[in-house]
Amino acid sequence: MLYFSKLRIISVIIFTIIFSYFAFSNFIKFDDKFFSKNINLGLDLQGGSYLLLEIDNQPVITQKLQAKIIELKRYFKEKEISLKNFSLKENTILFEASDNEFENVKNILNDKESDINAYYQQYKSHEFDVSENGNFFNLTYSRYGLVLLKNSSLDQAIEIVRRRVDEVGTNEPNILKRGNDRILVELPGLDDPNRIKSLLGKTANLTFQFISQNNEESFGTEKLSFEDGSRDAIVGKRIILSGDNLIDAKPTMNTETNETVVSFSLDRVGAKKFGRATSTGVGKQLAIVLDGKIISAPTIREPIISGSGQISGGFTFQSATDLALLLRSGALPAPLNIIEERTVGPDLGQDSIDAGILSLIIGFLLVILFMIYKYRTFGLIANLALVSNLFLLIGILTLFEATLTLPGIAGIILTVGMAVDANVLIFERIKEETKNEKNPIIAFDAGYTKSRTTILDANITTLIAAFILFFMGSGPVKGFSVTLGVGILTTLFSVYFIARLLTSFYVVRNKDKEQLL
Amino acid sequence: MTNISFNKFYRQFNVLSLILIVVSLVFLIFKGLNYGVDFKGGTLIELRTTDKTNNISLIRDSFNQMNLGDVSVKKFGNETDFIVKFEKQNSNDPEFIKNIQNKLSSSIGDVDFRRVENVGPKVSSELLKSGIIAISLSLAAMLLYIWIRFEWQFSLGAILAIFHDVIITLGIFSIFSLEINLSIVAAVLTIVGYSMNDTVVIFDRVRENLRKYSDIKIFDLTNISINETLSRTIITSVTTLLALLSIYLFGGEILKGFSLAMILGVIFGTYSSIYIANPILVALNVSQRTIVKEEKD
């Protein structure tokens, strides 16, 4: 066990130097990207905001089911099968078929090839589960249908969230999917998340609808209130134009009224629609509706055919900027709720770093002094192994650009405390062996061999705990499991390669001395 | 090598441990744990005031006027730093935190919100569930590992020792109403690993000695094994405690609960590997035959 080949010695040294170099590269600036790797600091250390958003898919489901009803009605009308009593209750489509048509309808609904089941041809499963209740059919989303719906609305939402966050221009945001209805947004260095939160909290569904004068609109009417809460208005349900047709929006100053407005431009289809609507509607009031609230309702004085216009609504420059941003980045498919938020200010982050480093240094010194006191020369060897262990650990974390959190720093300090265990087990074993064995080389060899299974057992148990924590833990705690787990690997390396190398050098040189340990 | 008769006191310490476990369980069942916002939901604000005359009751009064549900205020390290926790969480309203800060500034002067955590009820119950799963999973994994490596008598001893450590540590948290948050779950998992580690070292030696001395009874054999590994047990506990103590004293307020849980866990883990794990081997009458049988298999 004490013999080392030259090749092995050289590779241990090179390996240690490389990782120590990476550990140091955190503190040195390099121009080259490969050489200037850094440990990422977690949000709890560099300050920033962590937001967990959940999509409320209910509106999307209702919308899709309504569309499905229209599709069913049209389809069966073409087949000249009359169905009646269509309704939508608790996410279930209900309709009634007459006795003699019942089997026919059932076959069509279950037919994999029929045009009404376009979904089946694409995904090889039914989008809806069909059940019967008397002459009534009940259609609900199947598990797969729902998964697909959620995934597609999540994909859309994540894209919109990314655009909105990018538009605000924060520093390296991290936007990730979580499950099938959640989005994780990490915003490092952001001190005040209020603006982002208010931007992400809006669906930004923009529509232009006429204000109804005499309740006789063909699509029906609805009562909507003004954004400022001042009054309500009856608005025609017909949507003249929606935010989908917008290609640009920006805050500008209206020179006539000296008011901040949002000016927008439309794509060709939108411009056409808008032109037609405004030429027939001269004299009418056009309500500009955002997420079910009327921003303003100007009266159309002349047809607008240029494909651009302005939205006024008593904006400040900030609110006009935000509205323009929302309109540019597009509407969310469904509302997002913030279900978890964690924000750490940058000065607290810095305090945590300082406290973490201070306790690391003190803990490290205490352990080192204790080891020298207990083992003298071999304490020095164990300490050298400990120092290189620390460098290796930080080096590996740096190389893989792992995220260091405050509990992660605690994990490093804990590793320092527990890492000496392996060397202690070996040294204690050697002491025992020395009692029966006069030749120190044989005694040391036996010490290493006999303690090996114990050391492996002891470290594997901690590694198991770290693994489970890694897969179950979240955020900062995950950082702890990473440093703890990597710490065990570097500990084993530093004990079995570095400390053993040094021990063997020392023992071979001093084999004639009495009582080496 | 030391020669302390640990085995003379097996019975007394087992009674003591039993009492501690019963007391812990009584507290855990009737008083319960003081869950932080991670597991209970709600809002946590760490704030720093500029006015040094502000005290806990003044801050509590200002928060109570805002209708936020149950409010708790605690000092947090510095004289000017406080932790405020309340039930209400409304992260969907982007103005929610801002409004609180504005109202607070008008009543007690400028305040800096250094940390804000806002956890909804759905997330907190999920976090609690995954915390419990993580701890159970780690216990199961340890059981499996030691079952593969040792005979069942040893597994039982090790697992009971771990349960002992976890229950008493959580019991102490319950008695003193210390907060349970995500980092405590991490601490408990690490305690499980550490306690196991400590027990395995002694068990390895017991097994080795069972092979070596066929004529010594398990009662004395455990004592020999404890003594042979004692200096390692002490040195490792001391270095680990030194590191933890350094985190506790200098690592800042956020890590206090974590390092305290770990310190308790290391102390009880070391104790239990001597006084829980070993007496169980004695009670189960482990002998050379126990391990010889395994080697034949």
# chains A, B, ... in the order shown; residues from 1 in each chain; ligands from 1
call {"tool": "select_by_dssp", "arguments": {"residues": "range 253-432 of chain A", "states": "strand (DSSP E)", "output": "count of residues only"}}
result
38
call {"tool": "interface_residues", "arguments": {"of": "chain B", "to": "chain A", "cutoff": "7 Å", "atoms": "only C-alpha atoms", "output": "JSON, numbers by chain"}}
result
{"B": [91, 92, 94, 95, 114, 115, 116, 117, 118, 119, 120, 123, 130, 134, 138, 142, 183, 186, 189, 190, 193, 194, 196, 197, 200, 201, 204, 232, 236, 239, 240, 242, 243, 244, 246, 247, 250, 251, 252]}
call {"tool": "write_last_selection", "arguments": {"atoms": "C-alpha atoms", "output": "PDB file, in the first residue's frame"}}
result
ATOM      1  CA  SER B  91     -47.431  37.613  -3.819  1.00  0.00           C
ATOM      2  CA  ASN B  92     -49.864  38.119  -6.674  1.00  0.00           C
ATOM      3  CA  PRO B  94     -47.124  43.315  -6.785  1.00  0.00           C
ATOM      4  CA  GLU B  95     -47.749  46.212  -4.436  1.00  0.00           C
ATOM      5  CA  ARG B 114     -33.061  42.723   3.450  1.00  0.00           C
ATOM      6  CA  ARG B 115     -34.900  39.519   2.708  1.00  0.00           C
ATOM      7  CA  VAL B 116     -38.472  38.700   1.739  1.00  0.00           C
ATOM      8  CA  GLU B 117     -39.888  35.202   1.505  1.00  0.00           C
ATOM      9  CA  ASN B 118     -43.435  34.661   0.425  1.00  0.00           C
ATOM     10  CA  VAL B 119     -44.672  31.083   0.229  1.00  0.00           C
ATOM     11  CA  GLY B 120     -48.157  30.111  -0.900  1.00  0.00           C
ATOM     12  CA  VAL B 123     -46.025  25.276  -2.225  1.00  0.00           C
ATOM     13  CA  SER B 130     -41.036  16.402   0.042  1.00  0.00           C
ATOM     14  CA  ALA B 134     -36.590  12.902   1.834  1.00  0.00           C
ATOM     15  CA  SER B 138     -32.768   8.441   3.563  1.00  0.00           C
ATOM     16  CA  MET B 142     -29.463   3.578   5.194  1.00  0.00           C
ATOM     17  CA  SER B 183     -32.262  23.907   6.131  1.00  0.00           C
ATOM     18  CA  ALA B 186     -30.901  19.223   5.367  1.00  0.00           C
ATOM     19  CA  LEU B 189     -30.469  14.231   6.725  1.00  0.00           C
ATOM     20  CA  THR B 190     -26.837  14.970   7.494  1.00  0.00           C
ATOM     21  CA  GLY B 193     -25.590  10.144   7.638  1.00  0.00           C
ATOM     22  CA  TYR B 194     -23.278  11.108  10.468  1.00  0.00           C
ATOM     23  CA  MET B 196     -24.797   5.985  10.667  1.00  0.00           C
ATOM     24  CA  ASN B 197     -21.147   6.686   9.924  1.00  0.00           C
ATOM     25  CA  VAL B 200     -20.735   1.664  11.279  1.00  0.00           C
ATOM     26  CA  VAL B 201     -17.184   2.327  12.493  1.00  0.00           C
ATOM     27  CA  ASP B 204     -17.080  -2.923  11.788  1.00  0.00           C
ATOM     28  CA  ARG B 232     -11.192   7.974  16.647  1.00  0.00           C
ATOM     29  CA  THR B 236     -13.779  13.014  14.674  1.00  0.00           C
ATOM     30  CA  THR B 239     -13.193  18.244  14.642  1.00  0.00           C
ATOM     31  CA  THR B 240     -16.761  18.086  13.348  1.00  0.00           C
ATOM     32  CA  LEU B 242     -15.245  22.599  15.938  1.00  0.00           C
ATOM     33  CA  ALA B 243     -16.345  23.172  12.353  1.00  0.00           C
ATOM     34  CA  LEU B 244     -20.008  23.370  13.366  1.00  0.00           C
ATOM     35  CA  SER B 246     -17.504  27.979  13.919  1.00  0.00           C
ATOM     36  CA  ILE B 247     -20.602  28.059  11.677  1.00  0.00           C
ATOM     37  CA  PHE B 250     -19.549  33.214  12.922  1.00  0.00           C
ATOM     38  CA  GLY B 251     -21.721  31.959  10.043  1.00  0.00           C
ATOM     39  CA  GLY B 252     -24.464  34.521  10.488  1.00  0.00           C
TER      40      GLY B 252
END
call {"tool": "closest_residue", "arguments": {"among": "B:Ser124, B:Ser195, B:Gln288, B:Gln153", "to": "Asn181 in chain B", "atoms": "only C-alpha atoms"}}
result
B:Ser124
call {"tool": "closest_residue", "arguments": {"among": "B:Ile291, B:Ile133, B:Leu182, B:Ile100", "to": "Asn209 in chain B", "atoms": "only C-alpha atoms"}}
result
B:Ile291
call {"tool": "residues_around", "arguments": {"residues": "Phe176 in chain B", "least_positions_apart": "5", "cutoff": "12 Å", "atoms": "only C-alpha atoms", "output": "list in words"}}
result
Ser24, Phe27, Leu28, Lys31, Gly32, Leu33, Asn34, Thr169, Leu170, Gly171 and Gly257 of chain B
call {"tool": "write_last_selection", "arguments": {"atoms": "N, CA and C atoms", "output": "PDB file, in the first residue's frame"}}
result
ATOM      1  N   SER B  24     -39.546  13.660  24.190  1.00  0.00           N
ATOM      2  CA  SER B  24     -39.536  14.260  22.847  1.00  0.00           C
ATOM      3  C   SER B  24     -40.829  13.961  22.117  1.00  0.00           C
ATOM      4  N   PHE B  27     -43.750  15.973  23.415  1.00  0.00           N
ATOM      5  CA  PHE B  27     -43.707  17.336  22.912  1.00  0.00           C
ATOM      6  C   PHE B  27     -44.051  17.399  21.426  1.00  0.00           C
ATOM      7  N   LEU B  28     -43.506  16.436  20.662  1.00  0.00           N
ATOM      8  CA  LEU B  28     -43.760  16.455  19.216  1.00  0.00           C
ATOM      9  C   LEU B  28     -45.246  16.254  18.931  1.00  0.00           C
ATOM     10  N   LYS B  31     -47.229  19.407  21.464  1.00  0.00           N
ATOM     11  CA  LYS B  31     -46.872  20.793  21.181  1.00  0.00           C
ATOM     12  C   LYS B  31     -46.596  20.981  19.690  1.00  0.00           C
ATOM     13  N   GLY B  32     -46.025  19.976  19.080  1.00  0.00           N
ATOM     14  CA  GLY B  32     -45.745  20.039  17.648  1.00  0.00           C
ATOM     15  C   GLY B  32     -44.500  20.853  17.361  1.00  0.00           C
ATOM     16  N   LEU B  33     -44.236  21.037  16.074  1.00  0.00           N
ATOM     17  CA  LEU B  33     -43.036  21.757  15.673  1.00  0.00           C
ATOM     18  C   LEU B  33     -43.402  23.173  15.244  1.00  0.00           C
ATOM     19  N   ASN B  34     -42.458  24.046  15.435  1.00  0.00           N
ATOM     20  CA  ASN B  34     -42.653  25.435  15.032  1.00  0.00           C
ATOM     21  C   ASN B  34     -42.193  25.573  13.581  1.00  0.00           C
ATOM     22  N   THR B 169     -33.400  15.147  18.547  1.00  0.00           N
ATOM     23  CA  THR B 169     -33.073  16.459  17.966  1.00  0.00           C
ATOM     24  C   THR B 169     -34.351  17.237  17.664  1.00  0.00           C
ATOM     25  N   LEU B 170     -35.323  16.575  17.022  1.00  0.00           N
ATOM     26  CA  LEU B 170     -36.581  17.256  16.721  1.00  0.00           C
ATOM     27  C   LEU B 170     -37.326  17.599  18.007  1.00  0.00           C
ATOM     28  N   GLY B 171     -37.227  16.710  19.014  1.00  0.00           N
ATOM     29  CA  GLY B 171     -37.854  16.975  20.299  1.00  0.00           C
ATOM     30  C   GLY B 171     -37.325  18.249  20.923  1.00  0.00           C
ATOM     31  N   GLY B 257     -29.852  28.019  13.060  1.00  0.00           N
ATOM     32  CA  GLY B 257     -30.727  26.869  13.302  1.00  0.00           C
ATOM     33  C   GLY B 257     -30.129  25.597  12.740  1.00  0.00           C
TER      34      GLY B 257
END
call {"tool": "closest_residue", "arguments": {"among": "B:Asn3, B:Ser174, B:Ser72, B:Asn90", "to": "Ala261 in chain B", "atoms": "only C-alpha atoms"}}
result
B:Ser174
call {"tool": "residues_around", "arguments": {"residues": "Asp215 in chain B", "least_positions_apart": "3", "cutoff": "10 Å", "atoms": "only C-alpha atoms", "output": "number ranges by chain"}}
result
B: 210, 212, 218, 221, 287-288
call {"tool": "atom_distance", "arguments": {"atom1": "CA of Asn510 in chain A", "atom2": "CA of Ile441 in chain A"}}
result
9.9 Å
call {"tool": "closest_residue", "arguments": {"among": "B:Leu178, B:Val185, B:Ile267, B:Ile29", "to": "Leu127 in chain B", "atoms": "only C-alpha atoms"}}
result
B:Val185
